[in-house]
>>> print(open('query-v9.cif').read())   # mmCIF, C-alpha atoms and all ligand atoms
data_run
#
loop_
_atom_site.group_PDB
_atom_site.id
_atom_site.type_symbol
_atom_site.label_atom_id
_atom_site.label_comp_id
_atom_site.auth_asym_id
_atom_site.auth_seq_id
_atom_site.Cartn_x
_atom_site.Cartn_y
_atom_site.Cartn_z
ATOM 1 C CA MET A 1 48.743 51.936 -17.565
ATOM 2 C CA THR A 2 48.821 48.269 -18.637
ATOM 3 C CA GLN A 3 52.325 47.134 -19.451
ATOM 4 C CA ILE A 4 52.990 45.316 -22.717
ATOM 5 C CA ALA A 5 55.186 42.246 -22.234
ATOM 6 C CA LEU A 6 56.868 40.253 -24.994
ATOM 7 C CA VAL A 7 58.001 36.679 -24.322
ATOM 8 C CA THR A 8 60.071 35.064 -27.078
ATOM 9 C CA GLY A 9 59.487 31.331 -27.367
ATOM 10 C CA GLY A 10 56.384 32.066 -25.325
ATOM 11 C CA THR A 11 54.600 28.968 -26.554
ATOM 12 C CA GLY A 12 57.316 26.616 -25.216
ATOM 13 C CA GLY A 13 57.571 24.950 -21.798
ATOM 14 C CA ILE A 14 59.143 27.713 -19.700
ATOM 15 C CA GLY A 15 57.762 30.420 -22.020
ATOM 16 C CA THR A 16 54.170 29.340 -21.353
ATOM 17 C CA ALA A 17 54.695 29.575 -17.598
ATOM 18 C CA ILE A 18 56.277 33.026 -17.980
ATOM 19 C CA CYS A 19 53.358 34.236 -20.142
ATOM 20 C CA GLN A 20 50.879 32.986 -17.540
ATOM 21 C CA GLN A 21 52.817 34.602 -14.683
ATOM 22 C CA LEU A 22 53.000 37.999 -16.417
ATOM 23 C CA ALA A 23 49.324 37.821 -17.411
ATOM 24 C CA LYS A 24 48.433 37.057 -13.757
ATOM 25 C CA ASP A 25 50.516 40.089 -12.820
ATOM 26 C CA GLY A 26 48.222 42.250 -14.976
ATOM 27 C CA MET A 27 50.331 42.652 -18.116
ATOM 28 C CA HIS A 28 49.177 42.446 -21.728
ATOM 29 C CA VAL A 29 51.309 39.550 -22.961
ATOM 30 C CA VAL A 30 52.491 38.756 -26.485
ATOM 31 C CA ALA A 31 54.105 35.343 -27.059
ATOM 32 C CA THR A 32 56.242 34.696 -30.109
ATOM 33 C CA TYR A 33 56.464 31.542 -32.190
ATOM 34 C CA ARG A 34 59.191 30.630 -34.653
ATOM 35 C CA SER A 35 57.833 30.552 -38.189
ATOM 36 C CA PRO A 36 54.646 30.932 -40.262
ATOM 37 C CA SER A 37 54.608 27.130 -40.629
ATOM 38 C CA ARG A 38 54.018 26.951 -36.847
ATOM 39 C CA ALA A 39 51.033 29.349 -36.893
ATOM 40 C CA ASP A 40 48.478 26.553 -36.391
ATOM 41 C CA VAL A 41 50.407 25.250 -33.368
ATOM 42 C CA ALA A 42 50.571 28.777 -31.942
ATOM 43 C CA LEU A 43 46.833 29.341 -32.455
ATOM 44 C CA ALA A 44 46.011 26.014 -30.774
ATOM 45 C CA TRP A 45 48.255 27.048 -27.875
ATOM 46 C CA GLN A 46 46.476 30.406 -27.704
ATOM 47 C CA SER A 47 43.048 28.694 -27.478
ATOM 48 C CA GLU A 48 44.366 26.437 -24.714
ATOM 49 C CA GLN A 49 45.542 29.491 -22.791
ATOM 50 C CA GLN A 50 42.155 31.163 -23.288
ATOM 51 C CA GLU A 51 40.424 28.100 -21.836
ATOM 52 C CA LEU A 52 42.696 28.399 -18.823
ATOM 53 C CA GLY A 53 41.687 32.053 -18.469
ATOM 54 C CA PHE A 54 44.786 33.665 -19.998
ATOM 55 C CA ASP A 55 44.268 36.125 -22.837
ATOM 56 C CA ILE A 56 47.651 36.039 -24.592
ATOM 57 C CA ALA A 57 48.421 37.369 -28.080
ATOM 58 C CA VAL A 58 50.701 35.478 -30.476
ATOM 59 C CA GLN A 59 53.196 36.840 -32.987
ATOM 60 C CA CYS A 60 55.509 35.166 -35.488
ATOM 61 C CA MET A 61 59.167 36.129 -34.948
ATOM 62 C CA ASP A 62 62.272 34.144 -35.833
ATOM 63 C CA VAL A 63 64.684 35.285 -33.129
ATOM 64 C CA SER A 64 67.670 33.998 -35.104
ATOM 65 C CA ASN A 65 66.971 36.444 -37.935
ATOM 66 C CA PHE A 66 67.347 40.208 -37.449
ATOM 67 C CA ASP A 67 64.976 41.168 -40.302
ATOM 68 C CA SER A 68 62.244 38.954 -38.859
ATOM 69 C CA CYS A 69 62.731 40.573 -35.437
ATOM 70 C CA GLN A 70 62.525 44.087 -36.885
ATOM 71 C CA GLN A 71 59.375 43.269 -38.836
ATOM 72 C CA ALA A 72 57.737 41.574 -35.847
ATOM 73 C CA ALA A 73 58.674 44.514 -33.615
ATOM 74 C CA SER A 74 56.904 46.983 -35.874
ATOM 75 C CA GLU A 75 53.807 44.736 -36.078
ATOM 76 C CA ILE A 76 53.760 44.387 -32.283
ATOM 77 C CA ARG A 77 54.124 48.164 -31.843
ATOM 78 C CA SER A 78 51.161 48.879 -34.133
ATOM 79 C CA ASN A 79 48.938 46.027 -32.888
ATOM 80 C CA HIS A 80 49.644 46.247 -29.157
ATOM 81 C CA GLY A 81 51.676 49.376 -28.325
ATOM 82 C CA ALA A 82 55.174 49.950 -26.979
ATOM 83 C CA VAL A 83 56.737 46.981 -25.211
ATOM 84 C CA SER A 84 58.118 47.751 -21.745
ATOM 85 C CA VAL A 85 58.826 44.193 -20.558
ATOM 86 C CA LEU A 86 60.944 41.897 -22.713
ATOM 87 C CA ILE A 87 61.797 38.291 -21.901
ATOM 88 C CA ASN A 88 64.454 36.796 -24.192
ATOM 89 C CA ASN A 89 63.510 33.174 -23.595
ATOM 90 C CA ALA A 90 63.539 31.339 -26.957
ATOM 91 C CA GLY A 91 66.294 28.770 -27.165
ATOM 92 C CA ILE A 92 67.388 25.469 -28.682
ATOM 93 C CA THR A 93 69.960 22.751 -28.095
ATOM 94 C CA ARG A 94 71.887 20.901 -30.816
ATOM 95 C CA ASP A 95 74.255 18.773 -28.774
ATOM 96 C CA GLY A 96 77.428 16.979 -29.805
ATOM 97 C CA VAL A 97 80.991 16.695 -28.577
ATOM 98 C CA MET A 98 83.348 19.271 -30.103
ATOM 99 C CA LYS A 99 85.088 16.655 -32.264
ATOM 100 C CA LYS A 100 81.809 15.828 -34.002
ATOM 101 C CA LEU A 101 79.959 19.133 -33.764
ATOM 102 C CA SER A 102 79.074 20.592 -37.165
ATOM 103 C CA VAL A 103 79.320 24.271 -38.100
ATOM 104 C CA GLU A 104 75.556 24.158 -38.757
ATOM 105 C CA LYS A 105 74.835 23.096 -35.170
ATOM 106 C CA TRP A 106 77.249 25.704 -33.826
ATOM 107 C CA ASP A 107 75.636 28.481 -35.897
ATOM 108 C CA ALA A 108 72.056 27.433 -35.143
ATOM 109 C CA VAL A 109 72.639 27.459 -31.383
ATOM 110 C CA LEU A 110 74.646 30.696 -31.360
ATOM 111 C CA ASN A 111 72.067 32.449 -33.549
ATOM 112 C CA THR A 112 69.058 31.269 -31.566
ATOM 113 C CA ASN A 113 70.468 31.570 -28.051
ATOM 114 C CA LEU A 114 72.886 34.517 -28.212
ATOM 115 C CA ASN A 115 72.590 36.611 -31.383
ATOM 116 C CA SER A 116 68.853 36.602 -30.707
ATOM 117 C CA ALA A 117 69.349 38.681 -27.555
ATOM 118 C CA PHE A 118 70.799 41.453 -29.721
ATOM 119 C CA TYR A 119 68.388 40.946 -32.643
ATOM 120 C CA VAL A 120 65.275 41.059 -30.444
ATOM 121 C CA THR A 121 66.311 43.669 -27.892
ATOM 122 C CA LYS A 122 67.586 46.231 -30.411
ATOM 123 C CA PRO A 123 64.240 47.086 -32.065
ATOM 124 C CA PHE A 124 62.490 47.484 -28.688
ATOM 125 C CA LEU A 125 65.123 49.467 -26.820
ATOM 126 C CA ASP A 126 64.281 52.886 -28.292
ATOM 127 C CA ASP A 127 60.684 52.574 -27.073
ATOM 128 C CA MET A 128 61.897 51.695 -23.583
ATOM 129 C CA ILE A 129 64.320 54.630 -23.598
ATOM 130 C CA GLU A 130 61.519 56.945 -24.740
ATOM 131 C CA GLN A 131 59.259 55.621 -21.949
ATOM 132 C CA GLN A 132 62.202 55.963 -19.505
ATOM 133 C CA TYR A 133 61.152 52.544 -18.278
ATOM 134 C CA GLY A 134 61.882 48.959 -19.180
ATOM 135 C CA ARG A 135 62.456 45.493 -17.797
ATOM 136 C CA ILE A 136 64.546 42.964 -19.731
ATOM 137 C CA VAL A 137 65.178 39.411 -18.555
ATOM 138 C CA ASN A 138 67.443 37.092 -20.528
ATOM 139 C CA ILE A 139 67.109 33.361 -19.940
ATOM 140 C CA SER A 140 70.515 31.693 -19.687
ATOM 141 C CA SER A 141 71.234 28.265 -18.168
ATOM 142 C CA ILE A 142 73.223 26.502 -15.489
ATOM 143 C CA ASN A 143 75.266 25.158 -18.401
ATOM 144 C CA GLY A 144 76.266 28.685 -19.396
ATOM 145 C CA GLN A 145 77.677 29.089 -15.892
ATOM 146 C CA LYS A 146 79.526 25.805 -15.461
ATOM 147 C CA GLY A 147 79.879 24.420 -19.012
ATOM 148 C CA GLN A 148 78.446 21.047 -20.004
ATOM 149 C CA PHE A 149 79.997 18.043 -21.741
ATOM 150 C CA GLY A 150 78.596 17.810 -25.277
ATOM 151 C CA GLN A 151 77.362 21.401 -25.290
ATOM 152 C CA VAL A 152 80.222 23.705 -26.303
ATOM 153 C CA ASN A 153 77.780 25.607 -28.528
ATOM 154 C CA TYR A 154 75.001 25.928 -25.944
ATOM 155 C CA SER A 155 77.385 26.641 -23.040
ATOM 156 C CA ALA A 156 79.181 29.340 -25.053
ATOM 157 C CA ALA A 157 75.929 30.982 -26.147
ATOM 158 C CA LYS A 158 74.420 30.964 -22.665
ATOM 159 C CA ALA A 159 77.687 32.241 -21.119
ATOM 160 C CA GLY A 160 77.569 35.088 -23.643
ATOM 161 C CA ILE A 161 74.142 36.074 -22.328
ATOM 162 C CA HIS A 162 75.730 37.027 -18.995
ATOM 163 C CA GLY A 163 78.157 39.439 -20.684
ATOM 164 C CA PHE A 164 75.353 40.886 -22.812
ATOM 165 C CA THR A 165 73.212 41.422 -19.711
ATOM 166 C CA LYS A 166 75.914 43.108 -17.665
ATOM 167 C CA ALA A 167 77.063 45.442 -20.454
ATOM 168 C CA LEU A 168 73.559 46.507 -21.478
ATOM 169 C CA ALA A 169 72.516 46.946 -17.843
ATOM 170 C CA GLN A 170 75.220 49.592 -17.470
ATOM 171 C CA GLU A 171 74.275 51.360 -20.720
ATOM 172 C CA VAL A 172 70.586 51.786 -19.898
ATOM 173 C CA ALA A 173 70.498 52.025 -16.093
ATOM 174 C CA ARG A 174 69.962 55.800 -16.105
ATOM 175 C CA LYS A 175 66.968 55.376 -18.441
ATOM 176 C CA GLY A 176 64.949 53.400 -15.901
ATOM 177 C CA ILE A 177 65.621 50.116 -17.674
ATOM 178 C CA THR A 178 66.847 47.028 -15.816
ATOM 179 C CA VAL A 179 68.504 44.050 -17.507
ATOM 180 C CA ASN A 180 68.921 40.767 -15.658
ATOM 181 C CA THR A 181 69.598 37.103 -16.312
ATOM 182 C CA VAL A 182 67.778 34.071 -14.987
ATOM 183 C CA SER A 183 69.758 30.811 -15.137
ATOM 184 C CA PRO A 184 67.554 27.757 -14.748
ATOM 185 C CA GLY A 185 68.908 24.338 -13.902
ATOM 186 C CA TYR A 186 67.077 21.345 -15.367
ATOM 187 C CA VAL A 187 63.364 21.992 -15.926
ATOM 188 C CA GLY A 188 60.820 19.366 -16.923
ATOM 189 C CA THR A 189 60.060 20.718 -20.425
ATOM 190 C CA SER A 190 60.319 19.021 -23.824
ATOM 191 C CA MET A 191 63.961 20.201 -24.035
ATOM 192 C CA VAL A 192 64.874 18.049 -21.025
ATOM 193 C CA MET A 193 62.339 15.254 -21.557
ATOM 194 C CA ALA A 194 64.066 14.669 -24.937
ATOM 195 C CA ILE A 195 67.182 13.551 -23.046
ATOM 196 C CA ASP A 196 67.575 9.765 -22.702
ATOM 197 C CA GLU A 197 65.778 8.616 -19.539
ATOM 198 C CA LYS A 198 68.890 7.000 -18.008
ATOM 199 C CA ILE A 199 70.916 10.192 -18.477
ATOM 200 C CA ARG A 200 68.025 12.212 -17.055
ATOM 201 C CA GLU A 201 68.038 10.017 -13.952
ATOM 202 C CA GLN A 202 71.780 10.676 -13.584
ATOM 203 C CA ILE A 203 71.120 14.415 -13.889
ATOM 204 C CA VAL A 204 68.402 14.343 -11.229
ATOM 205 C CA ALA A 205 70.773 12.433 -8.922
ATOM 206 C CA GLN A 206 73.106 15.467 -9.067
ATOM 207 C CA ILE A 207 70.401 17.936 -7.983
ATOM 208 C CA PRO A 208 70.410 18.424 -4.187
ATOM 209 C CA VAL A 209 66.666 19.197 -4.193
ATOM 210 C CA GLY A 210 66.216 15.785 -5.849
ATOM 211 C CA ARG A 211 63.941 16.663 -8.748
ATOM 212 C CA LEU A 212 63.592 18.725 -11.934
ATOM 213 C CA ALA A 213 62.234 22.278 -11.659
ATOM 214 C CA GLU A 214 58.659 23.135 -12.589
ATOM 215 C CA PRO A 215 58.419 25.821 -15.327
ATOM 216 C CA ALA A 216 56.323 27.922 -12.906
ATOM 217 C CA GLU A 217 59.291 28.082 -10.527
ATOM 218 C CA ILE A 218 61.330 29.842 -13.225
ATOM 219 C CA ALA A 219 58.418 32.079 -14.187
ATOM 220 C CA ARG A 220 57.983 33.249 -10.607
ATOM 221 C CA ALA A 221 61.541 34.602 -10.583
ATOM 222 C CA VAL A 222 60.994 36.353 -13.901
ATOM 223 C CA GLY A 223 57.835 37.949 -12.510
ATOM 224 C CA PHE A 224 59.810 39.218 -9.531
ATOM 225 C CA LEU A 225 62.562 40.756 -11.677
ATOM 226 C CA VAL A 226 60.152 42.569 -14.008
ATOM 227 C CA ASP A 227 58.089 44.023 -11.180
ATOM 228 C CA GLU A 228 58.112 47.817 -11.084
ATOM 229 C CA ALA A 229 59.402 47.590 -7.505
ATOM 230 C CA SER A 230 62.541 45.695 -8.643
ATOM 231 C CA GLY A 231 64.171 48.795 -10.141
ATOM 232 C CA PHE A 232 67.389 48.516 -8.118
ATOM 233 C CA ILE A 233 68.131 44.983 -9.358
ATOM 234 C CA THR A 234 70.097 45.222 -12.575
ATOM 235 C CA GLY A 235 72.998 43.347 -14.153
ATOM 236 C CA SER A 236 72.209 40.463 -11.823
ATOM 237 C CA ASN A 237 71.879 36.759 -12.366
ATOM 238 C CA LEU A 238 69.369 34.638 -10.513
ATOM 239 C CA SER A 239 70.300 30.934 -10.480
ATOM 240 C CA ILE A 240 67.353 28.558 -10.067
ATOM 241 C CA ASN A 241 68.869 25.106 -10.096
ATOM 242 C CA GLY A 242 67.851 23.201 -6.953
ATOM 243 C CA GLY A 243 71.348 23.691 -5.527
ATOM 244 C CA GLN A 244 73.126 21.923 -8.400
ATOM 245 C CA HIS A 245 75.578 24.767 -8.986
ATOM 246 C CA MET A 246 76.087 27.295 -6.199
ATOM 247 C CA TYR A 247 77.652 30.303 -7.851
HETATM 248 P P1 LIG B 1 61.124 24.582 -25.269
HETATM 249 O O1 LIG B 1 61.792 23.757 -26.311
HETATM 250 O O2 LIG B 1 59.960 24.043 -24.545
HETATM 251 O O3 LIG B 1 60.725 25.994 -25.859
HETATM 252 C C1 LIG B 1 61.608 26.736 -26.652
HETATM 253 C C2 LIG B 1 60.842 27.829 -27.341
HETATM 254 O O4 LIG B 1 61.757 28.577 -28.156
HETATM 255 C C3 LIG B 1 59.750 27.302 -28.254
HETATM 256 O O5 LIG B 1 58.600 28.117 -28.114
HETATM 257 C C4 LIG B 1 60.340 27.480 -29.653
HETATM 258 O O6 LIG B 1 59.379 27.721 -30.658
HETATM 259 C C5 LIG B 1 61.154 28.732 -29.445
HETATM 260 N N1 LIG B 1 62.155 28.901 -30.488
HETATM 261 C C6 LIG B 1 63.139 28.047 -30.859
HETATM 262 N N2 LIG B 1 63.829 28.563 -31.888
HETATM 263 C C7 LIG B 1 63.267 29.748 -32.187
HETATM 264 C C8 LIG B 1 63.508 30.754 -33.160
HETATM 265 N N3 LIG B 1 64.494 30.654 -34.053
HETATM 266 N N4 LIG B 1 62.717 31.848 -33.169
HETATM 267 C C9 LIG B 1 61.700 31.974 -32.280
HETATM 268 N N5 LIG B 1 61.411 31.072 -31.336
HETATM 269 C C10 LIG B 1 62.188 29.964 -31.301
HETATM 270 O O7 LIG B 1 62.307 24.954 -24.269
HETATM 271 P P2 LIG B 1 62.253 25.464 -22.757
HETATM 272 O O8 LIG B 1 60.970 26.111 -22.453
HETATM 273 O O9 LIG B 1 62.741 24.369 -21.913
HETATM 274 O O10 LIG B 1 63.418 26.564 -22.801
HETATM 275 C C11 LIG B 1 63.181 27.955 -22.707
HETATM 276 C C12 LIG B 1 64.509 28.649 -22.424
HETATM 277 O O11 LIG B 1 65.039 28.179 -21.192
HETATM 278 C C13 LIG B 1 65.571 28.371 -23.474
HETATM 279 O O12 LIG B 1 66.326 29.542 -23.693
HETATM 280 C C14 LIG B 1 66.434 27.314 -22.831
HETATM 281 O O13 LIG B 1 67.730 27.307 -23.341
HETATM 282 C C15 LIG B 1 66.365 27.754 -21.377
HETATM 283 N N6 LIG B 1 66.680 26.707 -20.422
HETATM 284 C C16 LIG B 1 65.913 25.569 -20.358
HETATM 285 C C17 LIG B 1 66.218 24.607 -19.437
HETATM 286 C C18 LIG B 1 65.430 23.366 -19.287
HETATM 287 O O14 LIG B 1 65.818 22.529 -18.459
HETATM 288 N N7 LIG B 1 64.339 23.169 -19.991
HETATM 289 C C19 LIG B 1 67.358 24.760 -18.508
HETATM 290 C C20 LIG B 1 68.063 26.002 -18.658
HETATM 291 C C21 LIG B 1 67.725 26.921 -19.586
HETATM 292 P P3 LIG B 1 58.847 26.499 -31.561
HETATM 293 O O15 LIG B 1 58.022 25.655 -30.629
HETATM 294 O O16 LIG B 1 58.058 27.198 -32.605
HETATM 295 O O17 LIG B 1 60.059 25.784 -32.060
#
>>> encode(input="query-v9.cif", output="structure tokens")
Amino acid sequence: MTQIALVTGGTGGIGTAICQQLAKDGMHVVATYRSPSRADVALAWQSEQQELGFDIAVQCMDVSNFDSCQQAASEIRSNHGAVSVLINNAGITRDGVMKKLSVEKWDAVLNTNLNSAFYVTKPFLDDMIEQQYGRIVNISSINGQKGQFGQVNYSAAKAGIHGFTKALAQEVARKGITVNTVSPGYVGTSMVMAIDEKIREQIVAQIPVGRLAEPAEIARAVGFLVDEASGFITGSNLSINGGQHMY
């Protein structure tokens, strides 16, 4: 039976590569985008994917809002069927040193990067339990492992993802559901290309492999973790950071 995979933030840099990887692996993939105002962008992205040979569905879902997630989940269930593979990938940065960081930036990053894992996973978990099968991968970050200057919000949210993963992995292990984290280092997407070029050069200088990651290199690891044959890997974290943080 074809598996239904949901990738939040599927139209973004890493999300696109994950969607393509899972589609190549034979799954029916649904990619989410943030708001109705972004529907035209999502449809253009969908056409681009079609031209590349990937048939990927799109769905509006604001991962920072529980009601939006519940509504999207019921639309996905009726339009596509029960989701068995969930990739919690959507994320944002709103950087600033603690002294200057606003409550708004704190809340936005915590809601989008951490609360979202709960908001999105909750409405899909019952279906996975009923199927006695599921694969969940949460995208964290090297900066959730080691902390990053100017990112107390992002580092805290991404660190929280590890606790979420490990606790949920224990709760659902007997139901055939695995829950894992992937922690990318710096990847050449818009999130990183928005960083000042000089700072980016300094970042690359700290990466033993000597370059940024390609989104496909993150997607490959996600594909491995959601494979049916990966059922004994749960509660784990896979760091993909070019050797920048060995932990
Ligand atoms: P992008 O900015 O390219 O993509 C982020 C995606 O998340 C976009 O599709 C965006 O949608 C979506 N998104 C943002 N807010 C919401 C929301 N409230 N509801 C639904 N979707 C939302 O980032 P990346 O591809 O680089 O990042 C993907 C993940 O990888 C993130 O979790 C990020 O933290 C993590 N990561 C990235 C690293 C990097 O170097 N790039 C390093 C480590 C981790 P829209 O376009 O509509 O705004």
>>> resolve_selection(input="query-v9.cif", expression="the PyMOL selection byres (((not hetatm)) within 8 of (chain B and resi 1))", output="PDB file with C-alpha atoms, in the coordinates of the input")
ATOM      1  CA  THR A   8      60.071  35.064 -27.078  1.00  0.00           C
ATOM      2  CA  GLY A   9      59.487  31.331 -27.367  1.00  0.00           C
ATOM      3  CA  GLY A  10      56.384  32.066 -25.325  1.00  0.00           C
ATOM      4  CA  THR A  11      54.600  28.968 -26.554  1.00  0.00           C
ATOM      5  CA  GLY A  12      57.316  26.616 -25.216  1.00  0.00           C
ATOM      6  CA  GLY A  13      57.571  24.950 -21.798  1.00  0.00           C
ATOM      7  CA  ILE A  14      59.143  27.713 -19.700  1.00  0.00           C
ATOM      8  CA  GLY A  15      57.762  30.420 -22.020  1.00  0.00           C
ATOM      9  CA  THR A  16      54.170  29.340 -21.353  1.00  0.00           C
ATOM     10  CA  THR A  32      56.242  34.696 -30.109  1.00  0.00           C
ATOM     11  CA  TYR A  33      56.464  31.542 -32.190  1.00  0.00           C
ATOM     12  CA  ARG A  34      59.191  30.630 -34.653  1.00  0.00           C
ATOM     13  CA  SER A  35      57.833  30.552 -38.189  1.00  0.00           C
ATOM     14  CA  ARG A  38      54.018  26.951 -36.847  1.00  0.00           C
ATOM     15  CA  VAL A  41      50.407  25.250 -33.368  1.00  0.00           C
ATOM     16  CA  ALA A  42      50.571  28.777 -31.942  1.00  0.00           C
ATOM     17  CA  CYS A  60      55.509  35.166 -35.488  1.00  0.00           C
ATOM     18  CA  MET A  61      59.167  36.129 -34.948  1.00  0.00           C
ATOM     19  CA  ASP A  62      62.272  34.144 -35.833  1.00  0.00           C
ATOM     20  CA  VAL A  63      64.684  35.285 -33.129  1.00  0.00           C
ATOM     21  CA  SER A  64      67.670  33.998 -35.104  1.00  0.00           C
ATOM     22  CA  ASN A  65      66.971  36.444 -37.935  1.00  0.00           C
ATOM     23  CA  ASN A  88      64.454  36.796 -24.192  1.00  0.00           C
ATOM     24  CA  ASN A  89      63.510  33.174 -23.595  1.00  0.00           C
ATOM     25  CA  ALA A  90      63.539  31.339 -26.957  1.00  0.00           C
ATOM     26  CA  GLY A  91      66.294  28.770 -27.165  1.00  0.00           C
ATOM     27  CA  ILE A  92      67.388  25.469 -28.682  1.00  0.00           C
ATOM     28  CA  THR A  93      69.960  22.751 -28.095  1.00  0.00           C
ATOM     29  CA  ASN A 111      72.067  32.449 -33.549  1.00  0.00           C
ATOM     30  CA  THR A 112      69.058  31.269 -31.566  1.00  0.00           C
ATOM     31  CA  ASN A 113      70.468  31.570 -28.051  1.00  0.00           C
ATOM     32  CA  ILE A 139      67.109  33.361 -19.940  1.00  0.00           C
ATOM     33  CA  SER A 140      70.515  31.693 -19.687  1.00  0.00           C
ATOM     34  CA  SER A 141      71.234  28.265 -18.168  1.00  0.00           C
ATOM     35  CA  ILE A 142      73.223  26.502 -15.489  1.00  0.00           C
ATOM     36  CA  ASN A 143      75.266  25.158 -18.401  1.00  0.00           C
ATOM     37  CA  TYR A 154      75.001  25.928 -25.944  1.00  0.00           C
ATOM     38  CA  LYS A 158      74.420  30.964 -22.665  1.00  0.00           C
ATOM     39  CA  SER A 183      69.758  30.811 -15.137  1.00  0.00           C
ATOM     40  CA  PRO A 184      67.554  27.757 -14.748  1.00  0.00           C
ATOM     41  CA  GLY A 185      68.908  24.338 -13.902  1.00  0.00           C
ATOM     42  CA  TYR A 186      67.077  21.345 -15.367  1.00  0.00           C
ATOM     43  CA  VAL A 187      63.364  21.992 -15.926  1.00  0.00           C
ATOM     44  CA  GLY A 188      60.820  19.366 -16.923  1.00  0.00           C
ATOM     45  CA  THR A 189      60.060  20.718 -20.425  1.00  0.00           C
ATOM     46  CA  SER A 190      60.319  19.021 -23.824  1.00  0.00           C
ATOM     47  CA  MET A 191      63.961  20.201 -24.035  1.00  0.00           C
ATOM     48  CA  VAL A 192      64.874  18.049 -21.025  1.00  0.00           C
ATOM     49  CA  LEU A 212      63.592  18.725 -11.934  1.00  0.00           C
ATOM     50  CA  ALA A 213      62.234  22.278 -11.659  1.00  0.00           C
ATOM     51  CA  PRO A 215      58.419  25.821 -15.327  1.00  0.00           C
TER      52      PRO A 215
END
>>> closest_residue(input="query-v9.cif", among="A:Asp107, A:Asp95, A:Glu75, A:Asp67", to="Lys122 in chain A", atoms="all atoms listed in the file")
A:Asp67
>>> atom_distance(input="query-v9.cif", atom1="CA of Ser84 in chain A", atom2="CA of Ala39 in chain A")
24.9 Å
>>> closest_residue(input="query-v9.cif", among="A:Ser78, A:Ser37, A:Ser116, A:Ser236", to="Val137 in chain A", atoms="all atoms listed in the file")
A:Ser236
>>> resolve_selection(input="query-v9.cif", expression="the PyMOL selection byres (((chain A and resi 222) around 10) and not hetatm)", output="list in words")
Ala17, Ile18, Gln21, Leu22, Ile87, Ile136, Val137, Asn138, Ile139, Asn180, Thr181, Val182, Ala216, Glu217, Ile218, Ala219, Arg220, Ala221, Gly223, Phe224, Leu225, Val226, Asp227 and Leu238 of chain A
>>> atom_distance(input="query-v9.cif", atom1="CA of Glu51 in chain A", atom2="CA of Ala72 in chain A")
26.0 Å
>>> closest_residue(input="query-v9.cif", among="A:Ala44, A:Met1, A:Ala31, A:Ile233", to="Ala169 in chain A", atoms="only C-alpha atoms")
A:Ile233
>>> residues_around(input="query-v9.cif", residues="Gln70 in chain A", least_positions_apart="6", cutoff="8 Å", atoms="all atoms listed in the file", output="ChimeraX atom specification")
/A:119-120,123
>>> atom_distance(input="query-v9.cif", atom1="CA of Ala82 in chain A", atom2="CA of Leu110 in chain A")
27.7 Å
>>> residues_near_point(input="query-v9.cif", point="(50.0, 42.7, -21.0)", cutoff="10 Å", atoms="only C-alpha atoms", output="number ranges by chain")
A: 1-6, 19, 22-30, 55-57, 80, 83-85
>>> closest_residue(input="query-v9.cif", among="A:Val152, A:Leu114, A:Gly147, A:Glu48", to="Lys99 in chain A", atoms="all atoms listed in the file")
A:Val152
>>> resolve_selection(input="query-v9.cif", expression="the PyMOL selection byres (((chain A and resi 127-133) around 8) and not hetatm)", output="short mmCIF file (atom, residue, chain, number, x, y, z; two decimals) with C-alpha atoms, in the frame of the given file")
data_model
loop_
_atom_site.label_atom_id
_atom_site.label_comp_id
_atom_site.auth_asym_id
_atom_site.auth_seq_id
_atom_site.Cartn_x
_atom_site.Cartn_y
_atom_site.Cartn_z
CA ALA A 82 55.17 49.95 -26.98
CA VAL A 83 56.74 46.98 -25.21
CA SER A 84 58.12 47.75 -21.74
CA PHE A 124 62.49 47.48 -28.69
CA LEU A 125 65.12 49.47 -26.82
CA ASP A 126 64.28 52.89 -28.29
CA GLY A 134 61.88 48.96 -19.18
CA ARG A 135 62.46 45.49 -17.80
CA VAL A 172 70.59 51.79 -19.90
CA LYS A 175 66.97 55.38 -18.44
CA GLY A 176 64.95 53.40 -15.90
CA ILE A 177 65.62 50.12 -17.67
#
>>> closest_residue(input="query-v9.cif", among="A:Phe118, A:Phe66, A:Phe232, A:Tyr247", to="Ile161 in chain A", atoms="only C-alpha atoms")
A:Phe118
>>> closest_residue(input="query-v9.cif", among="A:Lys146, A:Gln206, A:Asn241, A:Thr178", to="Thr165 in chain A", atoms="only C-alpha atoms")
A:Thr178
>>> decode(input="query-v9.cif", residues="range 225-231 of chain A", atoms="N, CA and C atoms", output="CSV table (one decimal), in the first residue's frame")
chain,number,residue,atom,x,y,z
A,225,LEU,N,15.6,7.2,7.7
A,225,LEU,CA,14.9,7.0,9.0
A,225,LEU,C,13.4,6.6,8.8
A,226,VAL,N,12.8,7.0,7.7
A,226,VAL,CA,11.4,6.7,7.6
A,226,VAL,C,11.1,5.4,6.8
A,227,ASP,N,12.2,4.7,6.4
A,227,ASP,CA,12.1,3.5,5.7
A,227,ASP,C,11.5,2.4,6.6
A,228,GLU,N,10.7,1.6,6.0
A,228,GLU,CA,10.0,0.5,6.8
A,228,GLU,C,11.1,-0.3,7.5
A,229,ALA,N,12.2,-0.5,6.9
A,229,ALA,CA,13.3,-1.4,7.5
A,229,ALA,C,14.0,-0.7,8.6
A,230,SER,N,13.7,0.6,9.0
A,230,SER,CA,14.4,1.3,10.0
A,230,SER,C,13.6,1.2,11.4
A,231,GLY,N,12.8,0.2,11.5
A,231,GLY,CA,11.9,0.1,12.7
A,231,GLY,C,12.6,0.0,14.1
